[in-house]
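S.K.: The structure that follows is given in the form of structure tokens.
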Amino acid sequence: MILTFFRNLFRDLRRQPLRTSLTLSGVGWGTFAVVLLLAFGSAVGKQNMKSFRGVGQGFVIAFPMSTTLPYQGLPKGRRVRLTPEEIILAGQKIAGIKRMAFEFTATRRIRYRREDVLNTVRGVTVEYGDIRNVIAGEGRYLNGTDIALKRRVCVLGNAITKNLFHEEEAVGRTIFIEGLPFTVIGVMKKKIQTSNFSGQRDEHCVFIPWTTYSALFGDKYIGSFIFQPENIAASKRLIRLVREHLGSRAGFSPDDKDALFVWDWTEFEKSFSIFFLAFNIFLGLIGSFTLLVGGVGVASIMLVVVEERTKEIGIKLAVGAKRRHILWQFFAESLAIVLMGGWLGFLLAALVLRAIPIEKIREYVGIPEINPAVGVAAIMILLAIGVISGMMPARRAASTNPIEALRK
Amino acid sequence: MIEMKDIRKVYQMGKVSLEALKGISLRVEPGEFVSIMGPSGSGKSTLMNIIGCLDTPTGGSYFLEEKNVAGFNFDQLSSIRNQKIGFVFQNFNLLPYATAYENVELPMLFNGKPGKKRRQRVLELLEMVGLVDRQAHRPTELSGGEQQRVAIARALANDPSLILADEPTGNIDSKTGQEIMGLFVELQRQGRTILMVTHDMTIAAYSERTIRLLDGHLVEARQ
Ligand SMILES: Nc1ncnc2c1ncn2[C@@H]1O[C@H](COP(=O)(O)OP(=O)(O)OP(=O)(O)O)[C@@H](O)[C@H]1O
Ligand SMILES: [Mg+2]
């Protein structure tokens, strides 16, 4: 019975090759568009999230600048100076801060054998690595002892390692920063980072203990500090608390926005996620509309088919077909076209995705792929459209009056 | 078998209404072979369609095998057509893209007869109408007489007790028509009830009883 049903189904589809192939290609094209758009959308979103995380995760950056408001008798235009001790204290005093870190930053001369370059050197804390996702791929990251003992050790970005050492093993070697020897204790794990602040991207930087930095290069005041809120949603309130605390210590008004230039990365992350969700929905909608056009094509062509096959329907009704037999026959035809077209579209999309030169676009759009989320979304859209576009002609067919149909 | 009382059929076309059947009362016993004659437009096809449960009357009562068909819904009527009635049409009404085999099989697809029994029945019927060797042919590859034999085999698929034929020989030559009538006589011998519309006296002569329709009225005439 089922076998006969399918045999007749495919016989009927083959009987109208032009229509079948037209509708097939309409649905195939729509599916192709949906799948590709969703695949790219989710890849772009993921990739940008990743490169955001490359800078760090859920944190706030602050740069001490100059005051623009008078404060307790002090004139405006004074430089705001913050010592490492103030920042450490603030991190302990202000409730709601998960991690706090700071850095000294400058471009410095770095040498290994005959390689001689100018790169960003950052004097940092242990927490800095956790917040900024500077993770050692080889060797280790800086620890508390390195900082307490002002050790002359460094962690290298993966790119500068390549430039200095080429294929050589870096961990354990000595490099020279402004002529002073440092032992390489670790090399940063490669990370994707498209944005950064004060200096080069982390892959080009050298990270040393801040205590060593301060002792050797004489810096007293930090260049910038960063902190992670315990609760990202409360970042606004926390920034206010930081302004109040540091303002009273370093002499600036908490309302003096320019005294402390604050960059709330958590805000970025939040609006960014929303943006990409909207972006994906938008792409999905565009794709769905393309697919909908395919579905409308199936529905309208099937309506013509029903019209043309009225006589056949009449004959079947005369020999005892029930309404549901006719309904199913035409519904199955539409659905078969939609599913086969969808399958073709999927296949085509998969082939195209495979043919794309991934390496070239990877940094910006990531790796577009038909992941489960994309697949499920596309199939749901496809099924919905299949059912809608199949139901209308099928119901029309099933409501045929047998006598009028036989008269044709 | 058939018991009709005061059957009326009114066609409403906008403001104009046309009464095709004006109170037909008819009784047909099981196993009878009845022919219906009458001028064109007298309502023969309309009556056949109502008897065949393809159409419903606008008035009167109709019992088919003691069942009041008036209260049946669309699918119940489909079921009756499928099980109890076999249709033979003037223009054959075969599916043009389907083979003789598939055409005969068609009524059995709507009552879930299992594949093996279905196949057996199709071959048995094709054998009976002498077309086993033509089973893979499509209607366009068959002569009129052969097409009508396929249609008769299809009508018998679910072994119905009532055969309705609306001018079954109207589109075939008289010699082939005689052959078709041979089949009908055989069907009656098997105990089936047959109602047949015809314009041809020689064809009507195969039946036991002829009734005449005239402008929607029934005029019975014994042979
Ligand atoms: N669907 C319809 N709508 C309106 N009028 C109809 C319809 N079907 C039939 N009629 C009319 O009903 C009358 C009877 O038609 P019917 O087809 O039953 O005649 P008939 O006796 O079979 O004629 P013929 O010998 O030409 O086949 C005719 O006047 C016809 O025009
Ligand atoms: Mg007629």
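Following the order of the structure tokens, chains are lettered A, B, ..., residues in each are numbered from 1, and ligands are numbered from 1.
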Give the residues close to ligand 1, within 12 Å, counting only C-alpha atoms and all ligand atoms; write them as a ChimeraX atom specification.

M.R.: /A:401-408 /B:8-14,16-22,36-50,55-56,89-91,165-168,170,196-200,212-218

S.K.: Would you mind writing down, as a list in words, each residue of stretch 20-57 of chain B that DSSP on the backbone assigns to helix (DSSP H, G or I)?

M.R.: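 For stretch 20-57 of chain B, the helix (DSSP H, G or I) set is Lys44, Ser45, Thr46, Leu47, Met48, Asn49, Ile50 and Ile51 of chain B.
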
S.K.: Env of A:Val206: 12 Å cut, atoms = only C-alpha atoms, seq-sep filter 4 positions within chain, self excluded. Answer as a PyMOL selection string.

M.R.: chain A and resi 104-111+117-124+134+141-142+153-161+164+175-177+182-188+199-202+210+213

S.K.: Mind checking which residues fall within 12 Å of A:Leu13, counting only C-alpha atoms, ignoring those fewer than 2 positions away in the same chain, and posting them as a PyMOL selection string?

M.R.: (chain A and resi 6-11+15-24+302+305+329-330+332-337+340) or (chain B and resi 97)

S.K.: Please return, as an mmCIF file with N, CA and C atoms, in the first residue's frame, all residues of chain B lying within 9 Å of chain A when only C-alpha atoms are considered.

M.R.:
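And here is the file that came out, out.cif:
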data_model
loop_
_atom_site.group_PDB
_atom_site.id
_atom_site.type_symbol
_atom_site.label_atom_id
_atom_site.label_comp_id
_atom_site.auth_asym_id
_atom_site.auth_seq_id
_atom_site.Cartn_x
_atom_site.Cartn_y
_atom_site.Cartn_z
ATOM 1 N N ASN B 49 -26.567 9.242 -11.808
ATOM 2 C CA ASN B 49 -25.629 9.802 -10.838
ATOM 3 C C ASN B 49 -26.182 9.730 -9.418
ATOM 4 N N GLY B 52 -26.052 6.208 -8.351
ATOM 5 C CA GLY B 52 -24.657 5.841 -8.105
ATOM 6 C C GLY B 52 -24.012 6.578 -6.953
ATOM 7 N N CYS B 53 -24.804 7.378 -6.214
ATOM 8 C CA CYS B 53 -24.290 8.099 -5.055
ATOM 9 C C CYS B 53 -23.202 9.104 -5.418
ATOM 10 N N LEU B 54 -23.163 9.513 -6.684
ATOM 11 C CA LEU B 54 -22.238 10.572 -7.069
ATOM 12 C C LEU B 54 -22.890 11.925 -6.822
ATOM 13 N N ASP B 55 -24.196 11.902 -6.778
ATOM 14 C CA ASP B 55 -24.955 13.140 -6.631
ATOM 15 C C ASP B 55 -26.081 12.864 -5.636
ATOM 16 N N PHE B 74 -20.179 12.687 2.658
ATOM 17 C CA PHE B 74 -19.376 12.497 1.453
ATOM 18 C C PHE B 74 -18.546 11.207 1.488
ATOM 19 N N ASP B 75 -17.842 11.002 2.607
ATOM 20 C CA ASP B 75 -16.960 9.842 2.688
ATOM 21 C C ASP B 75 -17.745 8.533 2.771
ATOM 22 N N GLN B 76 -18.921 8.585 3.403
ATOM 23 C CA GLN B 76 -19.753 7.377 3.455
ATOM 24 C C GLN B 76 -20.256 7.023 2.058
ATOM 25 N N LEU B 77 -20.598 8.061 1.288
ATOM 26 C CA LEU B 77 -21.014 7.815 -0.095
ATOM 27 C C LEU B 77 -19.849 7.260 -0.910
ATOM 28 N N SER B 78 -18.636 7.800 -0.646
ATOM 29 C CA SER B 78 -17.439 7.281 -1.324
ATOM 30 C C SER B 78 -17.292 5.794 -1.056
ATOM 31 N N SER B 79 -17.518 5.444 0.180
ATOM 32 C CA SER B 79 -17.397 4.061 0.594
ATOM 33 C C SER B 79 -18.395 3.178 -0.150
ATOM 34 N N ILE B 80 -19.647 3.655 -0.280
ATOM 35 C CA ILE B 80 -20.666 2.922 -1.027
ATOM 36 C C ILE B 80 -20.220 2.740 -2.479
ATOM 37 N N ARG B 81 -19.755 3.834 -3.092
ATOM 38 C CA ARG B 81 -19.299 3.754 -4.492
ATOM 39 C C ARG B 81 -18.163 2.762 -4.633
ATOM 40 N N ASN B 82 -17.323 2.752 -3.628
ATOM 41 C CA ASN B 82 -16.153 1.886 -3.678
ATOM 42 C C ASN B 82 -16.518 0.407 -3.552
ATOM 43 N N GLN B 83 -17.482 0.108 -2.666
ATOM 44 C CA GLN B 83 -17.765 -1.283 -2.322
ATOM 45 C C GLN B 83 -18.946 -1.875 -3.090
ATOM 46 N N ILE B 85 -20.837 -0.329 -5.772
ATOM 47 C CA ILE B 85 -21.205 0.102 -7.110
ATOM 48 C C ILE B 85 -20.007 0.077 -8.047
ATOM 49 N N GLY B 86 -20.265 -0.385 -9.272
ATOM 50 C CA GLY B 86 -19.240 -0.294 -10.313
ATOM 51 C C GLY B 86 -19.766 0.569 -11.445
ATOM 52 N N PHE B 87 -18.990 1.586 -11.830
ATOM 53 C CA PHE B 87 -19.415 2.488 -12.898
ATOM 54 C C PHE B 87 -18.763 2.134 -14.220
ATOM 55 N N ASN B 93 -13.497 7.027 -19.029
ATOM 56 C CA ASN B 93 -12.948 7.632 -17.821
ATOM 57 C C ASN B 93 -11.828 6.816 -17.182
ATOM 58 N N LEU B 94 -10.864 6.429 -18.017
ATOM 59 C CA LEU B 94 -9.677 5.766 -17.469
ATOM 60 C C LEU B 94 -8.623 6.842 -17.199
ATOM 61 N N LEU B 95 -7.724 6.568 -16.245
ATOM 62 C CA LEU B 95 -6.617 7.495 -16.024
ATOM 63 C C LEU B 95 -5.660 7.368 -17.205
ATOM 64 N N PRO B 96 -5.424 8.441 -17.959
ATOM 65 C CA PRO B 96 -4.682 8.329 -19.217
ATOM 66 C C PRO B 96 -3.212 7.937 -19.044
ATOM 67 N N TYR B 97 -2.630 8.323 -17.915
ATOM 68 C CA TYR B 97 -1.193 8.070 -17.731
ATOM 69 C C TYR B 97 -0.934 6.726 -17.071
ATOM 70 N N LEU B 106 -7.029 0.674 -9.280
ATOM 71 C CA LEU B 106 -7.381 1.927 -8.601
ATOM 72 C C LEU B 106 -8.420 1.805 -7.471
ATOM 73 N N PRO B 107 -9.600 1.210 -7.704
ATOM 74 C CA PRO B 107 -10.596 1.179 -6.617
ATOM 75 C C PRO B 107 -10.091 0.440 -5.383
ATOM 76 N N MET B 108 -9.173 -0.491 -5.587
ATOM 77 C CA MET B 108 -8.679 -1.273 -4.446
ATOM 78 C C MET B 108 -7.688 -0.482 -3.603
ATOM 79 N N LEU B 109 -7.146 0.607 -4.184
ATOM 80 C CA LEU B 109 -6.211 1.432 -3.416
ATOM 81 C C LEU B 109 -6.944 2.245 -2.360
ATOM 82 N N PHE B 110 -8.270 2.353 -2.517
ATOM 83 C CA PHE B 110 -9.008 3.199 -1.580
ATOM 84 C C PHE B 110 -9.711 2.403 -0.492
ATOM 85 N N ASN B 111 -9.480 1.097 -0.445
ATOM 86 C CA ASN B 111 -10.053 0.355 0.678
ATOM 87 C C ASN B 111 -9.010 -0.512 1.375
ATOM 88 N N GLY B 112 -7.744 -0.235 1.074
ATOM 89 C CA GLY B 112 -6.674 -0.881 1.823
ATOM 90 C C GLY B 112 -6.542 -2.372 1.597
ATOM 91 N N LYS B 113 -6.921 -2.845 0.420
ATOM 92 C CA LYS B 113 -6.745 -4.270 0.136
ATOM 93 C C LYS B 113 -5.241 -4.573 0.062
ATOM 94 N N PRO B 114 -4.796 -5.617 0.739
ATOM 95 C CA PRO B 114 -3.354 -5.899 0.754
ATOM 96 C C PRO B 114 -2.813 -6.229 -0.641
ATOM 97 N N GLY B 115 -1.531 -5.911 -0.830
ATOM 98 C CA GLY B 115 -0.883 -5.971 -2.134
ATOM 99 C C GLY B 115 -1.050 -7.275 -2.889
ATOM 100 N N ARG B 154 -12.318 -2.612 -14.053
ATOM 101 C CA ARG B 154 -12.159 -1.696 -12.927
ATOM 102 C C ARG B 154 -13.451 -1.619 -12.103
ATOM 103 N N ALA B 155 -14.600 -1.587 -12.831
ATOM 104 C CA ALA B 155 -15.882 -1.494 -12.132
ATOM 105 C C ALA B 155 -16.095 -2.695 -11.218
#

S.K.: Please provide the set of residues having any atom within 7 Å of stretch 27-35 of chain B, restricted to only C-alpha atoms, with same-chain residues fewer than 5 positions apart removed, written as an MDAnalysis selection string.

M.R.: chainID B and resid 1:4 188 191:198 204 207:211

S.K.: Near stretch 134-143 of chain B, within 12 Å and counting only C-alpha atoms, which residues show up once chain neighbours fewer than 4 positions away are dropped, as JSON, numbers by chain?

M.R.: {"B": [91, 92, 93, 94, 95, 96, 97, 98, 99, 100, 101, 102, 103, 104, 105, 119, 122, 123, 124, 125, 126, 127, 129, 130, 147, 148, 149, 150, 151, 153, 171, 172, 173, 176]}

S.K.: Let me see the file: selected residues, N, CA, C and O atoms, as a tab-separated table (two decimals), in the first residue's frame.

M.R.:
chain	number	residue	atom	x	y	z
B	91	ASN	N	-17.50	7.51	-22.00
B	91	ASN	CA	-16.15	7.89	-22.44
B	91	ASN	C	-15.06	7.20	-21.61
B	91	ASN	O	-13.96	7.71	-21.47
B	92	PHE	N	-15.38	6.05	-21.05
B	92	PHE	CA	-14.46	5.16	-20.32
B	92	PHE	C	-13.93	5.73	-19.01
B	92	PHE	O	-13.85	5.02	-18.03
B	93	ASN	N	-13.50	7.03	-19.03
B	93	ASN	CA	-12.95	7.63	-17.82
B	93	ASN	C	-11.83	6.82	-17.18
B	93	ASN	O	-11.82	6.57	-15.98
B	94	LEU	N	-10.86	6.43	-18.02
B	94	LEU	CA	-9.68	5.77	-17.47
B	94	LEU	C	-8.62	6.84	-17.20
B	94	LEU	O	-8.64	7.91	-17.82
B	95	LEU	N	-7.72	6.57	-16.25
B	95	LEU	CA	-6.62	7.49	-16.02
B	95	LEU	C	-5.66	7.37	-17.20
B	95	LEU	O	-5.13	6.28	-17.46
B	96	PRO	N	-5.42	8.44	-17.96
B	96	PRO	CA	-4.68	8.33	-19.22
B	96	PRO	C	-3.21	7.94	-19.04
B	96	PRO	O	-2.64	7.30	-19.91
B	97	TYR	N	-2.63	8.32	-17.91
B	97	TYR	CA	-1.19	8.07	-17.73
B	97	TYR	C	-0.93	6.73	-17.07
B	97	TYR	O	0.20	6.32	-16.91
B	98	ALA	N	-2.00	6.06	-16.64
B	98	ALA	CA	-1.82	4.80	-15.92
B	98	ALA	C	-2.05	3.63	-16.86
B	98	ALA	O	-2.81	3.72	-17.83
B	99	THR	N	-1.41	2.53	-16.57
B	99	THR	CA	-1.55	1.34	-17.40
B	99	THR	C	-2.91	0.69	-17.11
B	99	THR	O	-3.59	1.03	-16.15
B	100	ALA	N	-3.26	-0.28	-18.00
B	100	ALA	CA	-4.51	-1.02	-17.80
B	100	ALA	C	-4.51	-1.64	-16.41
B	100	ALA	O	-5.50	-1.58	-15.67
B	101	TYR	N	-3.38	-2.20	-16.03
B	101	TYR	CA	-3.24	-2.83	-14.71
B	101	TYR	C	-3.56	-1.83	-13.61
B	101	TYR	O	-4.36	-2.08	-12.73
B	102	GLU	N	-2.89	-0.65	-13.69
B	102	GLU	CA	-3.06	0.35	-12.64
B	102	GLU	C	-4.49	0.89	-12.58
B	102	GLU	O	-5.01	1.19	-11.51
B	103	ASN	N	-5.13	0.98	-13.75
B	103	ASN	CA	-6.51	1.44	-13.77
B	103	ASN	C	-7.44	0.46	-13.08
B	103	ASN	O	-8.33	0.87	-12.33
B	104	VAL	N	-7.21	-0.82	-13.32
B	104	VAL	CA	-8.06	-1.82	-12.68
B	104	VAL	C	-7.80	-1.84	-11.17
B	104	VAL	O	-8.69	-2.04	-10.36
B	105	GLU	N	-6.57	-1.56	-10.81
B	105	GLU	CA	-6.17	-1.60	-9.40
B	105	GLU	C	-6.77	-0.45	-8.58
B	105	GLU	O	-6.97	-0.56	-7.37
B	119	ARG	N	-3.14	-7.79	-6.42
B	119	ARG	CA	-2.51	-8.23	-7.66
B	119	ARG	C	-3.28	-9.41	-8.27
B	119	ARG	O	-3.58	-9.45	-9.46
B	122	VAL	N	-6.58	-8.15	-9.76
B	122	VAL	CA	-6.39	-7.41	-11.02
B	122	VAL	C	-6.20	-8.40	-12.17
B	122	VAL	O	-6.84	-8.29	-13.22
B	123	LEU	N	-5.34	-9.40	-11.94
B	123	LEU	CA	-5.05	-10.35	-13.02
B	123	LEU	C	-6.27	-11.19	-13.35
B	123	LEU	O	-6.56	-11.47	-14.52
B	124	GLU	N	-7.03	-11.58	-12.33
B	124	GLU	CA	-8.26	-12.34	-12.51
B	124	GLU	C	-9.25	-11.57	-13.39
B	124	GLU	O	-9.84	-12.12	-14.32
B	125	LEU	N	-9.37	-10.25	-13.11
B	125	LEU	CA	-10.32	-9.42	-13.85
B	125	LEU	C	-9.85	-9.20	-15.28
B	125	LEU	O	-10.63	-9.26	-16.23
B	126	LEU	N	-8.54	-8.96	-15.44
B	126	LEU	CA	-8.00	-8.76	-16.80
B	126	LEU	C	-8.17	-10.04	-17.61
B	126	LEU	O	-8.45	-10.00	-18.81
B	127	GLU	N	-8.03	-11.14	-16.97
B	127	GLU	CA	-8.25	-12.45	-17.59
B	127	GLU	C	-9.69	-12.56	-18.08
B	127	GLU	O	-9.97	-12.92	-19.21
B	129	VAL	N	-11.80	-10.20	-18.85
B	129	VAL	CA	-12.13	-9.35	-19.99
B	129	VAL	C	-11.16	-9.59	-21.14
B	129	VAL	O	-11.20	-8.89	-22.15
B	130	GLY	N	-10.26	-10.56	-20.97
B	130	GLY	CA	-9.38	-10.98	-22.06
B	130	GLY	C	-8.27	-9.98	-22.38
B	130	GLY	O	-7.89	-9.81	-23.54
B	147	GLN	N	-10.56	-0.39	-24.18
B	147	GLN	CA	-10.64	0.56	-23.06
B	147	GLN	C	-11.89	0.30	-22.23
B	147	GLN	O	-11.85	0.32	-21.00
B	148	GLN	N	-13.01	0.05	-22.93
B	148	GLN	CA	-14.24	-0.19	-22.18
B	148	GLN	C	-14.14	-1.48	-21.38
B	148	GLN	O	-14.68	-1.58	-20.28
B	149	ARG	N	-13.42	-2.46	-21.90
B	149	ARG	CA	-13.25	-3.71	-21.14
B	149	ARG	C	-12.39	-3.47	-19.90
B	149	ARG	O	-12.65	-4.03	-18.83
B	150	VAL	N	-11.37	-2.61	-20.04
B	150	VAL	CA	-10.57	-2.25	-18.86
B	150	VAL	C	-11.49	-1.57	-17.84
B	150	VAL	O	-11.44	-1.87	-16.64
B	151	ALA	N	-12.35	-0.67	-18.35
B	151	ALA	CA	-13.25	0.06	-17.44
B	151	ALA	C	-14.20	-0.91	-16.73
B	151	ALA	O	-14.49	-0.74	-15.54
B	153	ALA	N	-13.55	-4.07	-16.08
B	153	ALA	CA	-12.74	-4.78	-15.09
B	153	ALA	C	-12.55	-3.92	-13.84
B	153	ALA	O	-12.63	-4.39	-12.70
B	171	ASN	N	-19.58	5.04	-27.51
B	171	ASN	CA	-18.38	5.46	-28.25
B	171	ASN	C	-17.70	4.31	-28.98
B	171	ASN	O	-16.54	4.43	-29.35
B	172	ILE	N	-18.39	3.19	-29.13
B	172	ILE	CA	-17.75	2.08	-29.84
B	172	ILE	C	-18.67	1.52	-30.92
B	172	ILE	O	-19.89	1.69	-30.86
B	173	ASP	N	-18.06	0.86	-31.88
B	173	ASP	CA	-18.86	0.38	-33.01
B	173	ASP	C	-19.80	-0.74	-32.55
B	173	ASP	O	-19.63	-1.32	-31.49
B	176	THR	N	-18.34	-4.33	-31.65
B	176	THR	CA	-17.67	-4.33	-30.34
B	176	THR	C	-18.69	-4.15	-29.23
B	176	THR	O	-18.57	-4.73	-28.15

S.K.: As an exercise, work out the distance from atom CA of A:Ile379 to atom CA of A:Leu291 in Å and give it to one decimal place.

M.R.: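 Going from atom CA of A:Ile379 over to atom CA of A:Leu291, I get 11.3 Å.
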